[in-house]
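First up is the structure itself, then whatever we jot down about it.
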Amino acid sequence: MSFIKAGVIGHPIHHSKSPLIHNHWIAQYGLSGEYKAIDIAPEELKAGVQKLIEEGYAGFNVTIPHKQEIFKLCEQVDDVAKAIGAVNTVVVKGGKLYGTNTDAFGFIENVHQSAFGVDFVHKPAVVLGAGGAARAIVYALMEAGAQQIIIVNRTADKAKDIAEMNTDIIRVDAWEVREKILRDAGLLVNTTSLGMTGKDALEIDLALLPKDAVVSDIVYAPLMTDLLKQAKSRGNQIVTGIGMLLHQARPAFEKWFGVLPDVTEGLERKVLS
Ligand SMILES: NC(=O)c1ccc[n+]([C@@H]2O[C@H](COP(=O)([O-])OP(=O)(O)OC[C@H]3O[C@@H](n4cnc5c(N)ncnc54)[C@H](OP(=O)(O)O)[C@@H]3O)[C@@H](O)[C@H]2O)c1
């Protein structure tokens with residue numbers, strides 16, 4: 001079997017958990033290959049990517065700050081990445097780049113595997129935040145059949161921009177009314193960076209949220225955010241953020257290494273330690 005090279009490009013990149021995840025799977029499935037973290041500064045993106053092509057890379061993940069700029073270097077970008085407005089996975093074929101985005105897959109897989117009977121099809125899904133991750137999550141929810149999505153964000157214009165994806169399904173409300181709109185929700189997702197270690201707290205009282213609603217937080221440091229603690233203590237099912245990170249890596253790994261890997265508790269423990 002030939003040796004397969006893959007990696008993640010970004011700047012900075014030393015913090016990335018992706019090498020740990022992909023190299024774990026390479027070992028688990030007895031494959032021949034390696035996955036590296038590759039620091040490429042913004043002004044060196046084109047030359048840096050060309051070097052990877054010349055070195056025979058099968059592909060790479062793309063993270064901040066290259067997720068938009070990489071579009072220009074791709075021969076083709078699929079519909080998912082276009083809708084989300086970001087490429088996080090590239091396959092190299094015949095010296096050309098083909099871009100996609102696996103964040104939406106990662107989010108929805110994690111919700112379905114972690115929560116039983118989650119209903120965002122008949123009941124509204126409330127999304128806190130309107131950054132890059134929110135766009136992928138709103139797209140994922142629509143693809144999975146959501147009929148009503150309410151986005152609330154500190155900067156309303158960013159939420160309105162995401163709502164343009166489908167104004168029949170997506171509604172924007174003010175950040176200040178985030179507690180009132182929980183009344184009929186089937187799913188609440190925090191996609192802001194609030195609640196993350198070193199960031200401000202997410203201030204929200206879940207009193208109006210139905211007890212059968214599922215609460216998901218994509219922040220995974222800490223794993224049990226204050227939002228998830230509050231949800232759990234009142235009996236709501238919760239979905240932690242680490243699963244999204246692990247599941248989004250699966251289709252990328254499959255594209256390069258030909259195996260769709262599993263997310264195991266062992267891998268989760270390794271990434272969190
Ligand atoms: N689990 C995973 O796999 C995964 C994947 C992607 C991201 N994440 C995590 O998700 C979070 C967001 O990532 P992102 O890429 O979407 O970031 P981003 O594009 O920078 O968006 C940040 C979001 O947080 C909001 N926000 C930040 N500070 C705020 C404050 N003080 N008050 C109210 N809102 C505030 C922003 O609101 P404004 O628009 O008003 O600035 C925006 O909606 C990060 O913590 C990231 O680590 C996790």
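Each chain in the structure tokens gets a letter, A, B and so on, in the order shown; residues start at 1 in every chain, and ligands are counted from 1 in the order they appear.
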
Practice task
Produce as a ChimeraX atom specification the set of residues near ligand 1, where near means within 10 Å with only C-alpha atoms and all ligand atoms considered.
Solution key: /A:63-64,103-104,106-107,110,127-137,151-159,175,190-197,199-203,216-221,223,240-249

Please dump the current selection as a PDB file, in the first residue's frame; keep C-alpha atoms.
ATOM      1  CA  THR A  63      -8.545  26.125   9.161  1.00  0.00           C
ATOM      2  CA  ILE A  64      -8.341  29.770  10.197  1.00  0.00           C
ATOM      3  CA  ASP A 103     -18.635  20.825   9.541  1.00  0.00           C
ATOM      4  CA  ALA A 104     -22.360  20.424   8.802  1.00  0.00           C
ATOM      5  CA  GLY A 106     -19.998  16.742  11.942  1.00  0.00           C
ATOM      6  CA  PHE A 107     -22.641  18.734  13.755  1.00  0.00           C
ATOM      7  CA  ASN A 110     -22.984  14.343  16.704  1.00  0.00           C
ATOM      8  CA  VAL A 127     -29.255  28.999  17.196  1.00  0.00           C
ATOM      9  CA  LEU A 128     -27.224  31.370  19.380  1.00  0.00           C
ATOM     10  CA  GLY A 129     -24.535  33.081  17.305  1.00  0.00           C
ATOM     11  CA  ALA A 130     -23.933  33.860  13.650  1.00  0.00           C
ATOM     12  CA  GLY A 131     -20.241  33.242  13.044  1.00  0.00           C
ATOM     13  CA  GLY A 132     -18.587  30.687  10.775  1.00  0.00           C
ATOM     14  CA  ALA A 133     -19.736  27.680  12.777  1.00  0.00           C
ATOM     15  CA  ALA A 134     -23.343  28.951  12.927  1.00  0.00           C
ATOM     16  CA  ARG A 135     -23.539  29.084   9.131  1.00  0.00           C
ATOM     17  CA  ALA A 136     -22.523  25.420   8.861  1.00  0.00           C
ATOM     18  CA  ILE A 137     -24.965  24.428  11.610  1.00  0.00           C
ATOM     19  CA  ILE A 151     -30.996  32.852  14.956  1.00  0.00           C
ATOM     20  CA  VAL A 152     -30.089  35.350  17.657  1.00  0.00           C
ATOM     21  CA  ASN A 153     -26.750  37.097  17.553  1.00  0.00           C
ATOM     22  CA  ARG A 154     -25.187  40.132  19.227  1.00  0.00           C
ATOM     23  CA  THR A 155     -24.561  41.584  15.764  1.00  0.00           C
ATOM     24  CA  ALA A 156     -27.961  41.219  14.060  1.00  0.00           C
ATOM     25  CA  ASP A 157     -26.639  41.896  10.556  1.00  0.00           C
ATOM     26  CA  LYS A 158     -24.543  38.745  10.644  1.00  0.00           C
ATOM     27  CA  ALA A 159     -27.622  36.707  11.577  1.00  0.00           C
ATOM     28  CA  TRP A 175     -29.981  38.877  21.138  1.00  0.00           C
ATOM     29  CA  ASN A 190     -24.832  27.590  21.302  1.00  0.00           C
ATOM     30  CA  THR A 191     -22.467  28.432  18.445  1.00  0.00           C
ATOM     31  CA  THR A 192     -21.003  31.552  20.068  1.00  0.00           C
ATOM     32  CA  SER A 193     -17.611  31.448  21.745  1.00  0.00           C
ATOM     33  CA  LEU A 194     -19.294  32.487  25.023  1.00  0.00           C
ATOM     34  CA  GLY A 195     -18.732  29.995  27.819  1.00  0.00           C
ATOM     35  CA  MET A 196     -15.377  28.925  26.435  1.00  0.00           C
ATOM     36  CA  THR A 197     -12.388  28.954  28.797  1.00  0.00           C
ATOM     37  CA  LYS A 199     -14.109  34.056  27.243  1.00  0.00           C
ATOM     38  CA  ASP A 200     -17.122  35.782  28.783  1.00  0.00           C
ATOM     39  CA  ALA A 201     -19.948  33.710  30.225  1.00  0.00           C
ATOM     40  CA  LEU A 202     -23.039  32.931  28.179  1.00  0.00           C
ATOM     41  CA  GLU A 203     -25.845  34.556  30.122  1.00  0.00           C
ATOM     42  CA  SER A 216     -26.159  21.417  22.281  1.00  0.00           C
ATOM     43  CA  ASP A 217     -23.030  23.475  22.871  1.00  0.00           C
ATOM     44  CA  ILE A 218     -20.270  23.393  20.264  1.00  0.00           C
ATOM     45  CA  VAL A 219     -17.780  24.869  22.727  1.00  0.00           C
ATOM     46  CA  TYR A 220     -15.732  21.912  24.019  1.00  0.00           C
ATOM     47  CA  ALA A 221     -13.264  23.648  26.356  1.00  0.00           C
ATOM     48  CA  LEU A 223     -16.601  20.074  27.838  1.00  0.00           C
ATOM     49  CA  THR A 240     -21.313  18.250  24.107  1.00  0.00           C
ATOM     50  CA  GLY A 241     -19.081  19.935  21.516  1.00  0.00           C
ATOM     51  CA  ILE A 242     -16.284  17.403  21.203  1.00  0.00           C
ATOM     52  CA  GLY A 243     -18.334  15.066  19.013  1.00  0.00           C
ATOM     53  CA  MET A 244     -18.721  17.693  16.291  1.00  0.00           C
ATOM     54  CA  LEU A 245     -14.950  18.060  16.112  1.00  0.00           C
ATOM     55  CA  LEU A 246     -14.490  14.293  15.864  1.00  0.00           C
ATOM     56  CA  HIS A 247     -17.313  13.612  13.422  1.00  0.00           C
ATOM     57  CA  GLN A 248     -16.340  16.403  11.007  1.00  0.00           C
ATOM     58  CA  ALA A 249     -12.979  14.663  10.596  1.00  0.00           C
TER      59      ALA A 249
END

Handout entry: Residues near A:Leu228, cut-off 9 Å, only C-alpha atoms, skip fewer than 3 positions along chain, as a VMD selection string
Key = chain A and resid 215 to 217 223 to 225 231 to 233 236 to 240

Completion exercise
Between A:Ala252, A:Leu187, A:Ala207, A:Ile38, smallest distance to A:Leu141 by only C-alpha atoms belongs to A:Leu187

Exercise for the section: To one decimal in Å, tell me the separation between atom CA of A:Val138 and atom CA of A:Phe105. Expected result: 11.4 Å

Exercise for the section: Work out how far apart atom CA of A:Thr264 and atom CA of A:Lys5 are and give it in Å to one decimal. Expected result: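 Rounded to one decimal, the two atoms are 23.3 Å apart.
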
Problem - DSSP-assigned helix (DSSP H, G or I) members of stretch 16-255 of chain A, reported as a ChimeraX atom specification - result: /A:18-28,42-54,69-73,79-84,103-114,132-143,156-163,175-177,180-182,226-233,242-255

Practice task
Could you find all residues in stretch 94-271 of chain A that DSSP calls strand (DSSP E or B) from the backbone, and write them as a PyMOL selection string?
Solution key: chain A and resi 96-100+125-128+149-153+170-174+187-190+214-217+237-239

Handout entry: Residue with smallest distance to A:Lys123 - pool A:Leu52, A:Pro210, A:Ala86, A:Ile108, counting only C-alpha atoms
Key =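 Of the candidates, the smallest distance to A:Lys123 is held by A:Pro210.
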
Exercise for the section: Write out as an NGL selection string which residues come within 10 Å of A:Phe120 when counting only C-alpha atoms, dropping same-chain ones fewer than 6 positions away. Expected result: :A and (126 or 141-142 or 144-149 or 185-188 or 213-214)

Problem - Test item: residues at most 7 Å from stretch 88-96 of chain A, only C-alpha atoms, excluding those fewer than 4 positions along its chain, as a list of chain:residue names - result: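 With the cut-off at 7 Å, the set is A:Ile53, A:Tyr57, A:Ala58, A:Gly59, A:Phe60, A:Asn61, A:Val62, A:Thr63, A:Lys67, A:Glu75, A:Thr100, A:Asn101, A:Thr102, A:Ala252.
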
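Using only C-alpha atoms, the residues found no farther than 9 Å from stretch 18-26 of chain A, other than those of its own chain fewer than 6 positions away, are Ala6, Gly7, Val8, Ser32, Gly33, Glu34, Tyr35, Lys36, Ala37, Asn61, Leu245, Leu246, Ala249, Arg250, Phe253, Phe257, Pro261, Asp262, Leu267, Glu268, Lys270 and Val271 of chain A.
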
Exercise for the section: Provide the atom CA of A:Val87 to atom CA of A:Gly99 distance in Å, to one decimal place. Expected result: 5.7 Å

Contacts of A:Ala41 at 12 Å (only C-alpha atoms; same-chain gap of 6+ positions) as a short mmCIF file (atom, residue, chain, number, x, y, z; two decimals) with N, CA and C atoms, in the first residue's frame:
data_model
loop_
_atom_site.label_atom_id
_atom_site.label_comp_id
_atom_site.auth_asym_id
_atom_site.auth_seq_id
_atom_site.Cartn_x
_atom_site.Cartn_y
_atom_site.Cartn_z
N ILE A 9 -3.78 22.77 7.24
CA ILE A 9 -3.08 24.03 7.07
C ILE A 9 -3.82 25.14 7.82
N GLY A 10 -3.06 26.03 8.42
CA GLY A 10 -3.64 27.14 9.17
C GLY A 10 -2.52 28.03 9.67
N HIS A 11 -2.90 29.08 10.41
CA HIS A 11 -1.88 30.00 10.94
C HIS A 11 -2.49 30.80 12.08
N PRO A 12 -2.18 30.53 13.33
CA PRO A 12 -1.26 29.47 13.80
C PRO A 12 -1.92 28.10 13.71
N ILE A 13 -1.15 27.04 13.91
CA ILE A 13 -1.71 25.70 13.75
C ILE A 13 -1.31 24.75 14.89
N ALA A 47 1.81 29.49 -2.55
CA ALA A 47 3.09 28.77 -2.65
C ALA A 47 3.09 27.56 -1.70
N GLY A 48 2.53 27.74 -0.52
CA GLY A 48 2.50 26.66 0.46
C GLY A 48 1.68 25.48 -0.02
N VAL A 49 0.55 25.79 -0.65
CA VAL A 49 -0.32 24.72 -1.15
C VAL A 49 0.34 24.04 -2.35
N THR A 63 -7.96 25.40 8.03
CA THR A 63 -8.54 26.13 9.16
C THR A 63 -8.15 27.60 9.11
N ILE A 64 -8.53 28.32 10.15
CA ILE A 64 -8.34 29.77 10.20
C ILE A 64 -6.87 30.12 9.93
N PRO A 65 -6.53 31.07 9.05
CA PRO A 65 -7.43 32.03 8.39
C PRO A 65 -7.69 31.73 6.91
N HIS A 66 -7.55 30.46 6.49
CA HIS A 66 -7.54 30.17 5.04
C HIS A 66 -8.86 29.66 4.48
N GLU A 69 -10.06 32.03 1.57
CA GLU A 69 -9.06 32.27 0.52
C GLU A 69 -8.79 31.02 -0.33
#

Handout entry: Minimum-distance residue to A:Ala163, chosen among A:Ile70, A:Ile40, A:Ile84, A:Ile204 (using only C-alpha atoms)
Key =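 Looking only at the distances to A:Ala163, the closest residue turns out to be A:Ile84.
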